[in-house]
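Undergrad: Below is query_19.cif; it holds mmCIF, C-alpha atoms.
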data_model
#
loop_
_atom_site.group_PDB
_atom_site.id
_atom_site.type_symbol
_atom_site.label_atom_id
_atom_site.label_comp_id
_atom_site.auth_asym_id
_atom_site.auth_seq_id
_atom_site.Cartn_x
_atom_site.Cartn_y
_atom_site.Cartn_z
ATOM 1 C CA GLY I 1 187.761 31.925 -19.677
ATOM 2 C CA LYS I 2 186.728 35.383 -20.851
ATOM 3 C CA ASP I 3 190.348 36.473 -21.205
ATOM 4 C CA MET I 4 191.095 33.359 -23.242
ATOM 5 C CA VAL I 5 188.290 34.166 -25.662
ATOM 6 C CA ALA I 6 189.435 37.794 -25.891
ATOM 7 C CA SER I 7 193.022 36.682 -26.588
ATOM 8 C CA CYS I 8 191.968 34.354 -29.396
ATOM 9 C CA PHE I 9 190.275 37.127 -31.383
ATOM 10 C CA PRO I 10 193.451 38.999 -32.408
ATOM 11 C CA HIS I 11 195.414 35.756 -32.559
ATOM 12 C CA PHE I 12 193.022 34.188 -35.088
ATOM 13 C CA ASN I 13 192.818 37.287 -37.221
ATOM 14 C CA ALA I 14 196.544 37.992 -37.518
ATOM 15 C CA HIS I 15 197.530 34.792 -39.335
ATOM 16 C CA ARG I 16 198.626 35.128 -42.931
ATOM 17 C CA THR I 17 196.658 33.565 -45.776
ATOM 18 C CA SER I 18 199.693 31.393 -46.609
ATOM 19 C CA TRP I 19 199.548 29.880 -43.095
ATOM 20 C CA ARG I 20 195.796 29.318 -43.299
ATOM 21 C CA ASN I 21 196.229 27.594 -46.661
ATOM 22 C CA ILE I 22 198.589 25.050 -45.090
ATOM 23 C CA TRP I 23 196.087 24.318 -42.301
ATOM 24 C CA GLY I 24 192.937 24.068 -44.377
ATOM 25 C CA GLY I 25 191.758 27.581 -43.552
ATOM 26 C CA PHE I 26 192.518 27.466 -39.813
ATOM 27 C CA PRO I 27 192.378 29.685 -37.909
ATOM 28 C CA PRO I 28 189.535 31.400 -39.762
ATOM 29 C CA PRO I 29 189.245 35.196 -39.775
ATOM 30 C CA SER I 30 186.539 35.811 -37.192
ATOM 31 C CA SER I 31 184.441 38.553 -35.654
ATOM 32 C CA PRO I 32 184.322 38.850 -31.845
ATOM 33 C CA GLU I 33 180.940 37.115 -31.888
ATOM 34 C CA GLU I 34 182.247 34.251 -34.030
ATOM 35 C CA VAL I 35 185.220 33.652 -31.751
ATOM 36 C CA PHE I 36 182.902 33.789 -28.748
ATOM 37 C CA SER I 37 180.499 31.240 -30.257
ATOM 38 C CA GLN I 38 183.358 28.797 -30.882
ATOM 39 C CA PHE I 39 184.088 28.738 -27.145
ATOM 40 C CA MET I 40 180.490 28.343 -26.040
ATOM 41 C CA PRO I 41 179.207 24.811 -25.213
ATOM 42 C CA GLY I 42 178.859 22.908 -28.468
ATOM 43 C CA GLY I 43 181.364 25.181 -30.253
ATOM 44 C CA THR I 44 184.439 23.789 -31.968
ATOM 45 C CA LEU I 45 186.799 25.182 -29.304
ATOM 46 C CA ALA I 46 184.589 24.763 -26.222
ATOM 47 C CA HIS I 47 186.698 21.877 -24.913
ATOM 48 C CA LEU I 48 189.721 24.165 -24.658
ATOM 49 C CA TYR I 49 188.099 25.904 -21.731
ATOM 50 C CA TRP I 50 185.144 24.112 -20.145
ATOM 51 C CA GLU I 51 186.359 20.525 -20.438
ATOM 52 C CA TYR I 52 189.943 21.530 -19.736
ATOM 53 C CA VAL I 53 188.963 23.166 -16.429
ATOM 54 C CA ARG I 54 186.697 20.285 -15.382
ATOM 55 C CA GLN I 55 189.257 17.572 -16.082
ATOM 56 C CA TRP I 56 192.226 19.300 -14.434
ATOM 57 C CA TRP I 57 190.117 20.317 -11.444
ATOM 58 C CA LYS I 58 189.602 16.632 -10.662
ATOM 59 C CA MET I 59 193.390 16.161 -10.626
ATOM 60 C CA ARG I 60 194.296 19.180 -8.494
ATOM 61 C CA GLY I 61 195.187 17.060 -5.452
ATOM 62 C CA ALA I 62 197.447 14.646 -7.331
ATOM 63 C CA PRO I 63 201.084 14.836 -6.197
ATOM 64 C CA ASN I 64 202.349 15.398 -9.747
ATOM 65 C CA VAL I 65 199.837 18.124 -10.692
ATOM 66 C CA LEU I 66 200.172 21.836 -9.994
ATOM 67 C CA LEU I 67 197.395 24.155 -11.108
ATOM 68 C CA LEU I 68 198.517 27.721 -11.743
ATOM 69 C CA HIS I 69 196.291 30.630 -12.733
ATOM 70 C CA TYR I 70 197.443 33.317 -15.132
ATOM 71 C CA SER I 71 195.955 36.111 -13.039
ATOM 72 C CA ASP I 72 198.108 35.034 -10.075
ATOM 73 C CA ALA I 73 201.234 35.058 -12.249
ATOM 74 C CA ALA I 74 200.287 38.474 -13.629
ATOM 75 C CA LYS I 75 199.894 39.840 -10.100
ATOM 76 C CA ASP I 76 203.071 38.303 -8.667
ATOM 77 C CA LEU I 77 205.340 36.525 -11.136
ATOM 78 C CA SER I 78 208.116 36.132 -8.582
ATOM 79 C CA LYS I 79 205.795 34.236 -6.239
ATOM 80 C CA THR I 80 204.626 32.010 -9.121
ATOM 81 C CA VAL I 81 208.259 31.155 -9.965
ATOM 82 C CA SER I 82 208.828 30.221 -6.309
ATOM 83 C CA THR I 83 205.672 28.087 -6.245
ATOM 84 C CA LEU I 84 206.748 26.227 -9.378
ATOM 85 C CA ALA I 85 210.323 25.750 -8.153
ATOM 86 C CA ASP I 86 209.048 24.360 -4.836
ATOM 87 C CA PHE I 87 206.692 21.992 -6.639
ATOM 88 C CA LEU I 88 209.538 20.707 -8.840
ATOM 89 C CA ASP I 89 211.889 20.564 -5.847
ATOM 90 C CA VAL I 90 214.322 22.887 -7.590
ATOM 91 C CA LYS I 91 216.485 25.067 -5.382
ATOM 92 C CA LEU I 92 217.110 28.474 -6.934
ATOM 93 C CA SER I 93 219.636 30.952 -5.652
ATOM 94 C CA ALA I 94 218.453 34.550 -5.429
ATOM 95 C CA SER I 95 220.304 35.286 -8.670
ATOM 96 C CA GLU I 96 218.768 32.290 -10.473
ATOM 97 C CA HIS I 97 215.316 33.189 -9.205
ATOM 98 C CA LYS I 98 215.698 36.710 -10.568
ATOM 99 C CA THR I 99 216.920 35.398 -13.938
ATOM 100 C CA VAL I 100 213.991 32.986 -14.281
ATOM 101 C CA THR I 101 211.494 35.661 -13.239
ATOM 102 C CA ASP I 102 212.982 38.187 -15.670
ATOM 103 C CA LYS I 103 212.958 35.700 -18.569
ATOM 104 C CA CYS I 104 209.333 34.763 -17.865
ATOM 105 C CA SER I 105 208.237 38.390 -17.873
ATOM 106 C CA ILE I 106 206.053 39.824 -20.601
ATOM 107 C CA GLN I 107 208.725 42.464 -21.248
ATOM 108 C CA HIS I 108 211.349 39.802 -21.976
ATOM 109 C CA MET I 109 208.983 37.807 -24.194
ATOM 110 C CA LYS I 110 208.111 40.903 -26.209
ATOM 111 C CA LYS I 111 211.819 41.528 -26.827
ATOM 112 C CA LYS I 112 212.359 37.957 -28.013
ATOM 113 C CA GLU I 113 209.192 37.382 -30.065
ATOM 114 C CA ILE I 114 210.434 38.680 -33.412
ATOM 115 C CA SER I 115 213.582 36.571 -33.396
ATOM 116 C CA SER I 116 212.022 33.355 -32.098
ATOM 117 C CA ASN I 117 208.266 33.144 -32.525
ATOM 118 C CA MET I 118 207.373 34.716 -35.837
ATOM 119 C CA ARG I 119 208.675 32.056 -38.220
ATOM 120 C CA ILE I 120 208.500 28.322 -38.765
ATOM 121 C CA LEU I 121 210.240 26.013 -41.201
ATOM 122 C CA ALA I 122 207.905 24.493 -43.780
ATOM 123 C CA TRP I 123 208.927 21.625 -46.034
ATOM 124 C CA GLY I 124 207.891 21.343 -49.669
ATOM 125 C CA ASN I 125 209.510 19.845 -52.774
ATOM 126 C CA ASP I 126 212.272 18.445 -50.563
ATOM 127 C CA GLN I 127 213.315 21.940 -49.526
ATOM 128 C CA ALA I 128 212.830 23.817 -46.303
ATOM 129 C CA LYS I 129 211.596 27.363 -46.527
ATOM 130 C CA ASP I 130 211.235 29.995 -43.866
ATOM 131 C CA LEU I 131 207.541 30.807 -43.563
ATOM 132 C CA SER I 132 206.359 33.764 -41.551
ATOM 133 C CA PHE I 133 202.926 32.857 -40.216
ATOM 134 C CA PHE I 134 201.909 35.874 -38.176
ATOM 135 C CA CYS I 135 201.526 39.508 -39.144
ATOM 136 C CA GLY I 136 203.021 41.644 -36.428
ATOM 137 C CA ASP I 137 202.850 45.362 -35.804
ATOM 138 C CA GLY I 138 204.475 47.357 -38.607
ATOM 139 C CA ASP I 139 204.799 44.379 -40.966
ATOM 140 C CA GLU I 140 204.868 45.902 -44.456
ATOM 141 C CA HIS I 141 204.665 42.642 -46.421
ATOM 142 C CA CYS I 142 201.461 41.273 -45.020
ATOM 143 C CA ASP I 143 198.084 40.289 -46.454
ATOM 144 C CA VAL I 144 196.246 40.740 -43.170
ATOM 145 C CA PRO I 145 194.148 43.927 -42.807
ATOM 146 C CA GLU I 146 195.963 46.582 -40.793
ATOM 147 C CA GLN I 147 193.463 46.541 -37.903
ATOM 148 C CA TYR I 148 194.321 42.869 -37.263
ATOM 149 C CA ARG I 149 198.106 43.195 -37.206
ATOM 150 C CA TRP I 150 198.789 42.446 -33.582
ATOM 151 C CA SER I 151 201.935 41.645 -31.766
ATOM 152 C CA LEU I 152 202.082 37.906 -31.071
ATOM 153 C CA ILE I 153 202.977 38.692 -27.471
ATOM 154 C CA ARG I 154 200.487 41.371 -26.526
ATOM 155 C CA LYS I 155 199.761 42.969 -23.148
ATOM 156 C CA GLY I 156 200.227 40.202 -20.607
ATOM 157 C CA ARG I 157 197.455 41.543 -18.392
ATOM 158 C CA ASP I 158 194.427 39.715 -17.114
ATOM 159 C CA GLY I 159 190.910 41.155 -17.223
ATOM 160 C CA GLU I 160 190.811 41.934 -20.948
ATOM 161 C CA GLY I 161 187.728 39.763 -21.396
ATOM 162 C CA ALA I 162 185.661 42.241 -19.423
ATOM 163 C CA GLN I 163 186.209 44.871 -22.138
ATOM 164 C CA PHE I 164 185.964 42.412 -25.035
ATOM 165 C CA PHE I 165 182.592 40.879 -24.112
ATOM 166 C CA SER I 166 179.452 42.726 -25.171
ATOM 167 C CA GLU I 167 176.486 42.760 -22.785
ATOM 168 C CA ALA I 168 174.849 39.995 -24.845
ATOM 169 C CA MET I 169 178.015 37.865 -24.784
ATOM 170 C CA ARG I 170 178.419 38.430 -21.043
ATOM 171 C CA ALA I 171 174.811 37.381 -20.362
ATOM 172 C CA GLN I 172 175.197 34.254 -22.501
ATOM 173 C CA TRP I 173 178.471 33.316 -20.786
ATOM 174 C CA GLU I 174 176.973 33.779 -17.328
ATOM 175 C CA SER I 175 173.947 31.680 -18.308
ATOM 176 C CA VAL I 176 176.099 28.568 -18.892
ATOM 177 C CA LEU I 177 178.768 29.134 -16.238
ATOM 178 C CA ALA I 178 177.008 27.220 -13.454
ATOM 179 C CA SER I 179 175.974 24.286 -15.656
ATOM 180 C CA GLU I 180 179.396 23.922 -17.284
ATOM 181 C CA LEU I 181 181.382 24.424 -14.064
ATOM 182 C CA PRO I 182 178.935 23.163 -11.415
ATOM 183 C CA ASP I 183 181.389 23.141 -8.492
ATOM 184 C CA LEU I 184 181.326 26.641 -6.977
ATOM 185 C CA GLU I 185 184.984 26.556 -5.878
ATOM 186 C CA MET I 186 186.073 25.379 -9.327
ATOM 187 C CA ARG I 187 183.999 28.115 -10.939
ATOM 188 C CA GLU I 188 185.436 30.836 -8.717
ATOM 189 C CA TRP I 189 189.039 29.678 -9.037
ATOM 190 C CA SER I 190 188.819 29.271 -12.805
ATOM 191 C CA GLN I 191 187.658 32.872 -13.127
ATOM 192 C CA HIS I 192 189.814 34.597 -10.535
ATOM 193 C CA GLY I 193 192.648 32.336 -9.379
ATOM 194 C CA GLY I 194 193.846 32.623 -5.794
ATOM 195 C CA THR I 195 194.401 29.891 -3.212
ATOM 196 C CA LEU I 196 193.295 26.476 -4.385
ATOM 197 C CA PRO I 197 190.806 24.697 -2.145
ATOM 198 C CA PRO I 198 191.780 21.176 -1.011
#
Written as structure tokens, how would this file's structure read?

TA:
Amino acid sequence: GKDMVASCFPHFNAHRTSWRNIWGGFPPPSSPEEVFSQFMPGGTLAHLYWEYVRQWWKMRGAPNVLLLHYSDAAKDLSKTVSTLADFLDVKLSASEHKTVTDKCSIQHMKKKEISSNMRILAWGNDQAKDLSFFCGDGDEHCDVPEQYRWSLIRKGRDGEGAQFFSEAMRAQWESVLASELPDLEMREWSQHGGTLPP
């Protein structure tokens, strides 16, 4: 949860004005505190974490549901690929497994982001135009302040929320954690990953 909030801060702030204009001002430029408040209970984005965790937790034993945690993938991507392949009943050769793991790596995604993720096609006046929506590092033709020009694919590490949260934000988050995620095992897994309880 904390890492998700921390990730949204640069993501929200790096969108061009032209993109925001198409989407009615979304995502709004936001301070860390404003992004944080949107994810707190009652905030406009609260459902993306609290409700999402609660609803999927109920389904974790269903035969067609596999819960994966980003921190587990960050620690051992190869093992996560194996877990997913087993769940889907897909047999991968050693070579295929390596290819999938390599292409799911943060290093591979960072190489591919400029060619595949930075632009969309927008239609207007019966014509399609290429519309860059995100200001990346070193983008010279950008109306986003320099301090908010982030790479769309950033670090790929977990634990960033610990540095992003102020003491006040941390205390507020902890104060609602037990009421929003009342099941202790759900609360622990949602924060740290690891082996899922039955």

Undergrad: Quote the spacing between atom CA of Gly194 of chain I and atom CA of Ser175 of chain I in Å to one decimal place.

TA: 23.5 Å

Undergrad: Taking the file as I've supplied it (selection: the PyMOL selection byres ((chain I and resi 198) around 9)), which residues are included? Please answer as a list of chain:residue names.

TA: I:Arg60, I:Gly61, I:Leu196, I:Pro197

Undergrad: Name the closest residue to Ser71 of chain I among the candidates I:Asp3, I:Leu184, I:Val100, I:Glu33; distances are taken between atoms, counting all atoms listed in the file.

TA: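 With all atoms listed in the file as the atom set, the closest residue is I:Asp3.
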
Undergrad: Tell me, in Å to one decimal, how far atom CA of Ser18 of chain I is from atom CA of Ser30 of chain I.

TA: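 Rounded to one decimal, the two atoms are 16.8 Å apart.
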
Undergrad: Expand the PyMOL selection byres ((chain I and resi 45-47) around 12) into the individual residues it matches in the shown file, reporting them as an NGL selection string.

TA: :I and (1 or 4-5 or 8 or 27 or 34-44 or 48-55 or 173 or 176 or 180)

Undergrad: For the residues in that selection, give me C-alpha atoms as a compact mmCIF listing (two decimals), in the frame of the given file.

TA:
# COMPACT_ATOMS: atom_id res chain seq x y z
CA GLY I 1 187.76 31.92 -19.68
CA MET I 4 191.10 33.36 -23.24
CA VAL I 5 188.29 34.17 -25.66
CA CYS I 8 191.97 34.35 -29.40
CA PRO I 27 192.38 29.68 -37.91
CA GLU I 34 182.25 34.25 -34.03
CA VAL I 35 185.22 33.65 -31.75
CA PHE I 36 182.90 33.79 -28.75
CA SER I 37 180.50 31.24 -30.26
CA GLN I 38 183.36 28.80 -30.88
CA PHE I 39 184.09 28.74 -27.14
CA MET I 40 180.49 28.34 -26.04
CA PRO I 41 179.21 24.81 -25.21
CA GLY I 42 178.86 22.91 -28.47
CA GLY I 43 181.36 25.18 -30.25
CA THR I 44 184.44 23.79 -31.97
CA LEU I 48 189.72 24.16 -24.66
CA TYR I 49 188.10 25.90 -21.73
CA TRP I 50 185.14 24.11 -20.14
CA GLU I 51 186.36 20.52 -20.44
CA TYR I 52 189.94 21.53 -19.74
CA VAL I 53 188.96 23.17 -16.43
CA ARG I 54 186.70 20.28 -15.38
CA GLN I 55 189.26 17.57 -16.08
CA TRP I 173 178.47 33.32 -20.79
CA VAL I 176 176.10 28.57 -18.89
CA GLU I 180 179.40 23.92 -17.28

Undergrad: What is the atom CA of His192 of chain I-atom CA of Thr83 of chain I distance in Å, reported with one decimal?

TA: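 Separation between atom CA of His192 of chain I and atom CA of Thr83 of chain I: 17.7 Å.
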
Undergrad: Report the centre and edge lengths, in Å to one decimal, of an axis-aligned box enclosing every atom of segment 169-184 of chain I listed in the file, padded by 3 Å on each side, as JSON.

TA:
{"center_x": 177.7, "center_y": 30.8, "center_z": -15.9, "size_x": 13.4, "size_y": 21.3, "size_z": 23.8}

Undergrad: Point out the residue among I:Met169, I:Met186, I:Pro10, I:Thr17 with the least atom-to-atom distance to Trp56 of chain I, counting only C-alpha atoms.

TA: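 Smallest separation from Trp56 of chain I among the options: I:Met186.
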
Undergrad: Quick one: residues within 12 Å of Phe26 of chain I, all atoms listed in the file counted, chain neighbours fewer than 3 positions away excluded, as a PyMOL selection string?

TA: chain I and resi 11-23+29-30+44+133

Undergrad: Can you write out the residues you just picked, keeping C-alpha atoms, as a PDB file, keeping the file's coordinate frame?

TA:
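Listing of out-v8.pdb after writing:
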ATOM      1  CA  HIS I  11     195.414  35.756 -32.559  1.00  0.00           C
ATOM      2  CA  PHE I  12     193.022  34.188 -35.088  1.00  0.00           C
ATOM      3  CA  ASN I  13     192.818  37.287 -37.221  1.00  0.00           C
ATOM      4  CA  ALA I  14     196.544  37.992 -37.518  1.00  0.00           C
ATOM      5  CA  HIS I  15     197.530  34.792 -39.335  1.00  0.00           C
ATOM      6  CA  ARG I  16     198.626  35.128 -42.931  1.00  0.00           C
ATOM      7  CA  THR I  17     196.658  33.565 -45.776  1.00  0.00           C
ATOM      8  CA  SER I  18     199.693  31.393 -46.609  1.00  0.00           C
ATOM      9  CA  TRP I  19     199.548  29.880 -43.095  1.00  0.00           C
ATOM     10  CA  ARG I  20     195.796  29.318 -43.299  1.00  0.00           C
ATOM     11  CA  ASN I  21     196.229  27.594 -46.661  1.00  0.00           C
ATOM     12  CA  ILE I  22     198.589  25.050 -45.090  1.00  0.00           C
ATOM     13  CA  TRP I  23     196.087  24.318 -42.301  1.00  0.00           C
ATOM     14  CA  PRO I  29     189.245  35.196 -39.775  1.00  0.00           C
ATOM     15  CA  SER I  30     186.539  35.811 -37.192  1.00  0.00           C
ATOM     16  CA  THR I  44     184.439  23.789 -31.968  1.00  0.00           C
ATOM     17  CA  PHE I 133     202.926  32.857 -40.216  1.00  0.00           C
TER      18      PHE I 133
END

Undergrad: For a quick check of understanding, using only C-alpha atoms, which of I:Val81, I:Ala168, I:Met109, I:Leu181 has the smallest distance to Leu68 of chain I?

TA: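 Of I:Val81, I:Ala168, I:Met109, I:Leu181, the one nearest Leu68 of chain I is I:Val81, counting only C-alpha atoms.
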
Undergrad: Which residues are near Gly193 of chain I? Cut-off 10 Å, only C-alpha atoms, ignore same chain within fewer than 5 positions. Put them as a VMD selection string.

TA: chain I and resid 67 to 73 186 to 188

Undergrad: Starting from the incomplete input, reconstruct N, CA, C and O atoms of segment 74-97 of chain I and report them as a PDB file, in the frame of the given file.

TA:
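Saved result, out_12.pdb, follows:
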ATOM      1  N   ALA I  74     200.271  37.068 -13.211  1.00  0.00           N
ATOM      2  CA  ALA I  74     200.287  38.474 -13.629  1.00  0.00           C
ATOM      3  C   ALA I  74     200.418  39.401 -12.429  1.00  0.00           C
ATOM      4  O   ALA I  74     201.083  40.437 -12.502  1.00  0.00           O
ATOM      5  N   LYS I  75     199.814  39.012 -11.318  1.00  0.00           N
ATOM      6  CA  LYS I  75     199.894  39.840 -10.100  1.00  0.00           C
ATOM      7  C   LYS I  75     201.253  39.728  -9.426  1.00  0.00           C
ATOM      8  O   LYS I  75     201.779  40.706  -8.899  1.00  0.00           O
ATOM      9  N   ASP I  76     201.817  38.517  -9.388  1.00  0.00           N
ATOM     10  CA  ASP I  76     203.071  38.303  -8.667  1.00  0.00           C
ATOM     11  C   ASP I  76     203.861  37.177  -9.336  1.00  0.00           C
ATOM     12  O   ASP I  76     203.787  36.019  -8.909  1.00  0.00           O
ATOM     13  N   LEU I  77     204.588  37.522 -10.375  1.00  0.00           N
ATOM     14  CA  LEU I  77     205.340  36.525 -11.136  1.00  0.00           C
ATOM     15  C   LEU I  77     206.423  35.880 -10.283  1.00  0.00           C
ATOM     16  O   LEU I  77     206.665  34.675 -10.370  1.00  0.00           O
ATOM     17  N   SER I  78     207.061  36.659  -9.437  1.00  0.00           N
ATOM     18  CA  SER I  78     208.116  36.132  -8.582  1.00  0.00           C
ATOM     19  C   SER I  78     207.578  35.027  -7.667  1.00  0.00           C
ATOM     20  O   SER I  78     208.197  33.974  -7.506  1.00  0.00           O
ATOM     21  N   LYS I  79     206.412  35.245  -7.111  1.00  0.00           N
ATOM     22  CA  LYS I  79     205.795  34.236  -6.239  1.00  0.00           C
ATOM     23  C   LYS I  79     205.440  32.985  -7.041  1.00  0.00           C
ATOM     24  O   LYS I  79     205.601  31.860  -6.568  1.00  0.00           O
ATOM     25  N   THR I  80     204.968  33.162  -8.274  1.00  0.00           N
ATOM     26  CA  THR I  80     204.626  32.010  -9.121  1.00  0.00           C
ATOM     27  C   THR I  80     205.870  31.196  -9.449  1.00  0.00           C
ATOM     28  O   THR I  80     205.833  29.959  -9.437  1.00  0.00           O
ATOM     29  N   VAL I  81     206.995  31.863  -9.712  1.00  0.00           N
ATOM     30  CA  VAL I  81     208.259  31.155  -9.965  1.00  0.00           C
ATOM     31  C   VAL I  81     208.647  30.350  -8.728  1.00  0.00           C
ATOM     32  O   VAL I  81     209.047  29.183  -8.830  1.00  0.00           O
ATOM     33  N   SER I  82     208.506  30.937  -7.555  1.00  0.00           N
ATOM     34  CA  SER I  82     208.828  30.221  -6.309  1.00  0.00           C
ATOM     35  C   SER I  82     207.924  29.013  -6.113  1.00  0.00           C
ATOM     36  O   SER I  82     208.382  27.929  -5.722  1.00  0.00           O
ATOM     37  N   THR I  83     206.634  29.183  -6.383  1.00  0.00           N
ATOM     38  CA  THR I  83     205.672  28.087  -6.245  1.00  0.00           C
ATOM     39  C   THR I  83     206.042  26.931  -7.172  1.00  0.00           C
ATOM     40  O   THR I  83     206.039  25.764  -6.780  1.00  0.00           O
ATOM     41  N   LEU I  84     206.388  27.257  -8.411  1.00  0.00           N
ATOM     42  CA  LEU I  84     206.748  26.227  -9.378  1.00  0.00           C
ATOM     43  C   LEU I  84     208.063  25.546  -9.002  1.00  0.00           C
ATOM     44  O   LEU I  84     208.182  24.314  -9.079  1.00  0.00           O
ATOM     45  N   ALA I  85     209.031  26.325  -8.566  1.00  0.00           N
ATOM     46  CA  ALA I  85     210.323  25.750  -8.153  1.00  0.00           C
ATOM     47  C   ALA I  85     210.129  24.807  -6.965  1.00  0.00           C
ATOM     48  O   ALA I  85     210.693  23.706  -6.934  1.00  0.00           O
ATOM     49  N   ASP I  86     209.321  25.221  -6.001  1.00  0.00           N
ATOM     50  CA  ASP I  86     209.048  24.360  -4.836  1.00  0.00           C
ATOM     51  C   ASP I  86     208.378  23.062  -5.263  1.00  0.00           C
ATOM     52  O   ASP I  86     208.719  21.976  -4.793  1.00  0.00           O
ATOM     53  N   PHE I  87     207.409  23.166  -6.168  1.00  0.00           N
ATOM     54  CA  PHE I  87     206.692  21.992  -6.639  1.00  0.00           C
ATOM     55  C   PHE I  87     207.643  21.011  -7.334  1.00  0.00           C
ATOM     56  O   PHE I  87     207.538  19.794  -7.163  1.00  0.00           O
ATOM     57  N   LEU I  88     208.581  21.542  -8.111  1.00  0.00           N
ATOM     58  CA  LEU I  88     209.538  20.707  -8.840  1.00  0.00           C
ATOM     59  C   LEU I  88     210.745  20.319  -7.999  1.00  0.00           C
ATOM     60  O   LEU I  88     211.635  19.614  -8.474  1.00  0.00           O
ATOM     61  N   ASP I  89     210.776  20.816  -6.753  1.00  0.00           N
ATOM     62  CA  ASP I  89     211.889  20.564  -5.847  1.00  0.00           C
ATOM     63  C   ASP I  89     213.208  21.045  -6.448  1.00  0.00           C
ATOM     64  O   ASP I  89     214.232  20.361  -6.414  1.00  0.00           O
ATOM     65  N   VAL I  90     213.138  22.249  -7.013  1.00  0.00           N
ATOM     66  CA  VAL I  90     214.322  22.887  -7.590  1.00  0.00           C
ATOM     67  C   VAL I  90     214.737  24.028  -6.667  1.00  0.00           C
ATOM     68  O   VAL I  90     213.917  24.891  -6.335  1.00  0.00           O
ATOM     69  N   LYS I  91     215.975  24.013  -6.256  1.00  0.00           N
ATOM     70  CA  LYS I  91     216.485  25.067  -5.382  1.00  0.00           C
ATOM     71  C   LYS I  91     217.115  26.156  -6.246  1.00  0.00           C
ATOM     72  O   LYS I  91     218.077  25.900  -6.969  1.00  0.00           O
ATOM     73  N   LEU I  92     216.574  27.343  -6.174  1.00  0.00           N
ATOM     74  CA  LEU I  92     217.110  28.474  -6.934  1.00  0.00           C
ATOM     75  C   LEU I  92     217.811  29.447  -6.000  1.00  0.00           C
ATOM     76  O   LEU I  92     217.272  29.794  -4.945  1.00  0.00           O
ATOM     77  N   SER I  93     218.988  29.870  -6.386  1.00  0.00           N
ATOM     78  CA  SER I  93     219.636  30.952  -5.652  1.00  0.00           C
ATOM     79  C   SER I  93     218.856  32.233  -5.942  1.00  0.00           C
ATOM     80  O   SER I  93     218.022  32.287  -6.866  1.00  0.00           O
ATOM     81  N   ALA I  94     219.134  33.267  -5.195  1.00  0.00           N
ATOM     82  CA  ALA I  94     218.453  34.550  -5.429  1.00  0.00           C
ATOM     83  C   ALA I  94     218.708  35.040  -6.856  1.00  0.00           C
ATOM     84  O   ALA I  94     217.807  35.553  -7.529  1.00  0.00           O
ATOM     85  N   SER I  95     219.946  34.858  -7.323  1.00  0.00           N
ATOM     86  CA  SER I  95     220.304  35.286  -8.670  1.00  0.00           C
ATOM     87  C   SER I  95     219.558  34.464  -9.727  1.00  0.00           C
ATOM     88  O   SER I  95     219.054  35.006 -10.717  1.00  0.00           O
ATOM     89  N   GLU I  96     219.488  33.156  -9.526  1.00  0.00           N
ATOM     90  CA  GLU I  96     218.768  32.290 -10.473  1.00  0.00           C
ATOM     91  C   GLU I  96     217.277  32.615 -10.484  1.00  0.00           C
ATOM     92  O   GLU I  96     216.639  32.658 -11.545  1.00  0.00           O
ATOM     93  N   HIS I  97     216.732  32.845  -9.311  1.00  0.00           N
ATOM     94  CA  HIS I  97     215.316  33.189  -9.205  1.00  0.00           C
ATOM     95  C   HIS I  97     215.014  34.471  -9.983  1.00  0.00           C
ATOM     96  O   HIS I  97     214.027  34.552 -10.725  1.00  0.00           O
TER      97      HIS I  97
END
